[in-house]
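Asks: Would you mind keeping the following structure in view while I ask a few things?
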Amino acid sequence: MELFINQVLAGIATGAIYACMALAVVMIYQAIDHLNFAQGEMAMFSTFIAWQLMQWGVPYWWAFLLTLAFSFAGGIAIERMLFKPLAKAPVLTNVAGFIALFAIVNSVAGLTWDFTIKQFPTPFGSSPFLGSQLISTHQAGMIGVTVGLLILLYLFFQFTRIGLAMRAAASLPESARLVGINTSWMIALGWGMASAIGAIAGILIAPVVFLEPNMMGGVLIYGFAAAVLGGLTSPLGAVIGGFLVGVFENLAGTYIPGVGNELKLPIALALIITVLVLKPAGLFGRPIVKRV
Amino acid sequence: MSSVDEVANEAPAVEAVPKRAMTLGYGTSLVVLALLIIGPMFVKNFIVFQMTMLLIYALAVLALNILTGGSGQFSLGQSAFYAVGAYTSAILMEHMGVNYALTLPIAGIICFGFGFLFGQPALRLSGIYLALATFALAVAMPQLLKLGFFEHWTGGVQGLVVTKPDAPFGLPISQDRWLYYFTLVVSIGIYIASVNLLKSRSGRAFMAIRDNEIAASAMGVDVALYKTLAFGVSAGITGVAGGLGAIAVQFVAPDGYTITLAISLFLGMVVGGVGWLPGSIVGSAFIIFVPNIAEHISKGLSGAVFGVLLFLVIFLVPHGARQVAIVAQQLIGKLKK
């Protein structure tokens with residue numbers, strides 16, 4: 001039983017990473033209706049910016065804020081320059097665009113900061129949390145930040161005018177335009193916010209997985225999986241999905257014989273597909289009603 | 001977020017391509033064919049090998065095109081079918097001593113069955129969810145091939161070495177050239193079969209499903225059957241391509257069939273033009289040669305150069321090579337007048 005509880009705790013700790021990433025994925029899905037395959041690389045790039053600022057002697061929280069501002073602006077710039085012209089292109093062309101962006105960001109980061117693994121500091125410290133060896137204070141802090149972020153997003157979308165405008169632009173762009181919402185800028189804003197949330201995710205994840213250009217590869221897959229599991233339309237679902245994926249992955253690795261690290265990912269994905277087959281919109285997503 | 005009864009009135013993921021626009025004209029096909037036959041006679045063996053790979057990837061892109069361009073289903077899992085085909089051929093040749101040419105139909109049939117079965121659960125999914133499911137398949141496949149349980153057959157992480165076939169009847173051409181012409185014949189056969197498939201009743205059913213699933217089922221199309229059938233056909237062709245690939249590369253190993261391959265095939269389809277079968281060879285050329293060109297331009301930034309080139313292509317021709325072909329056709333039409 002103790003083993004079980006320990007594994008669940010460890011799962012929640014890794015789940016926090018996935019939850020963070022899933023939140024960023026859902027944000028951009030809300031704004032542009034696509035899964036952004038380059039999201040992980042954008043987050044990685046932001047994290048490198050933060051690292052570089054700290055190397056130059058900027059204090060942690062200043063670097064954190066500057067990185068957020070930079071990522072926000074960067075996200076908007078990418079949308080304006082690269083993806084706005086593609087807005088009318090077929091969906092698959094957009095996906096190809098994300099793959100291209102992925103290749104560019106990864107390669108540029110690799111050349112600028114090379115592929116050696118770097119330590120990334122944490123503001124929370126890494127001593128055991130409440131005496132448990134499995135969750136460090138950093139991981140507890142990470143869970144706290146994720147939950148805090150979720151609450152902030154909820155408040156933003158429910159109670160601010162601009163949040164309402166963004167929701168309107170995402171769900172019915174034409175009607176939103178008719179009531180005077182600048183839907184094009186709402187999309188850009190969505191990119192900026194998603195990019196900033198990605199930066200937070202990257203900065204929180206980096207102390208755990210270490211900083212290097214390929215650090216997001218695995219995390220992004222789990223982030224997608226978590227987002228889809230929770231339902232792509234629901235930020236809360238994405239966060240819960242993240243924790244579920246983390247816990248399940250750990251339990252499968254411990255209790256199913258023959259599942260080493262190698263098979264963890266396929267098993268996690270198989271679970272998600274099973275859930276999707278039973279509940280196609282994800283656990284917390286709204287089913288989409290089609291007008292015939 | 002908003003109320004429960006949200007209405008999604010979005011356009012279909014794949015735009016409608018009329019049937020006639022999916023193929024090449026008669027004259028153009030003959031010119032391309034002549035180039036493909038005569039070309040390899042004058043070049044080095046290595047280039048012949050690359051042309052063989054070009055045809056093989058073109059087949060795999062074609063298969064994806066039938067699935068996505070034809071029936072409107074999305075797949076990031078083609079590398080899994082490719083791997084199954086490659087391993088089927090390799091195991092049959094190396095463990096059972098089957099002739100290489102005979103392994104291809106077997107690989108095709110096994111992959112057809114595999115794709116058909118995979119299509120069953122995939123029926124409930126569409127769009128991004130289907131993408132994730134097929135993606136999961138592609139991620140899982142290399143791990144499954146590495147399993148100790150199959151190691152006797154698959155050779156585990158090390159993979160299998162495949163012997164390259166000699167030209168039969170004592171023909172005085174090199175192994176590479178022979179393999180090229182063999183691949184060419186198989187590719188042409190599959191291309192003609194695919195064109196005919198899309199022209200047939202089944203092809204019309206695919207396209208009806210792609211354009212409007214509800215209308216298709218109202219017209220009496222068995223949506224579930226044809227969707228899984230499209231998956232099966234696509235997987236079958238990919239399997240044949242995989243088998244050919246194993247023979248050409250003379251080696252199969254789990255790490256040759258990762259998600260990167262599936263993404264490449266997807267890019268090939270987009271660059272070639274979704275739903276335009278002849279574009280497959282253009283797309284295949286893109287995914288084989290452009291990474292090399294990028295590497296030439298800058299070693300350290302090859303990924304970035306590749307990305308920029310890809311962006312250029314999708315900015316200039318968002319509909320892929322099909323758009324270029326249509327423009328060229330119109331120009332020629334104007335010149336004739």
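Chain labels follow the order of the structure tokens: the first chain is A, the next B, and so on; residue numbering restarts at 1 in every chain, and ligands are counted from 1 in their shown order.
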Should the cut-off be 9 Å, what would the residue list for chain A against chain B look like, counting only C-alpha atoms, as a ChimeraX atom specification?
Replies: /A:34-35,82,85-86,89-97,99-108,110-111,157-158,167-168,171-172,224-225,228,233-234,262-263,265-267,269-270,272-274,276-278,280-281,286-292
Asks: Run DSSP on the backbone and tell me which residues of stretch 121-219 of chain A come out as strand (DSSP E or B); list them as a PDB file with C-alpha atoms, in the first residue's frame.
Replies:
ATOM      1  CA  PRO A 128      11.785  17.160   0.521  1.00  0.00           C
ATOM      2  CA  PHE A 129       8.283  18.530   0.806  1.00  0.00           C
ATOM      3  CA  SER A 132       8.139  13.062   1.776  1.00  0.00           C
ATOM      4  CA  GLN A 133      11.098  11.911  -0.279  1.00  0.00           C
ATOM      5  CA  LEU A 134       9.044  11.722  -3.462  1.00  0.00           C
ATOM      6  CA  ILE A 135       7.840  15.269  -3.791  1.00  0.00           C
ATOM      7  CA  SER A 136      10.346  18.057  -3.480  1.00  0.00           C
ATOM      8  CA  LEU A 211      17.684  22.532 -19.956  1.00  0.00           C
TER       9      LEU A 211
END
Asks: Which residue, B:Ala248, B:Ala86, B:Val185, B:Met93, has the smallest gap to B:Val48 when you use only C-alpha atoms?
Replies: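 For B:Val48, the nearest of the candidates is B:Ala248.
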Asks: With only C-alpha atoms as the counted atoms, please give the residues lying no more than 7 Å from B:Ser79, apart from itself and same-chain residues fewer than 3 positions off, as a PDB file with C-alpha atoms, in the first residue's frame.
Replies:
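Dumped everything to part36.pdb:
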ATOM      1  CA  TYR B  82       5.637   1.054 -43.275  1.00  0.00           C
ATOM      2  CA  ALA B  83       7.510  -0.726 -40.478  1.00  0.00           C
ATOM      3  CA  ALA B 138       3.604   5.493 -34.681  1.00  0.00           C
ATOM      4  CA  TYR B 257      10.633   3.707 -38.410  1.00  0.00           C
ATOM      5  CA  THR B 258      10.076   6.394 -35.813  1.00  0.00           C
ATOM      6  CA  ILE B 259       7.548   9.199 -35.777  1.00  0.00           C
ATOM      7  CA  LEU B 261       9.211   9.050 -40.832  1.00  0.00           C
ATOM      8  CA  ALA B 262       5.479   9.536 -40.342  1.00  0.00           C
TER       9      ALA B 262
END
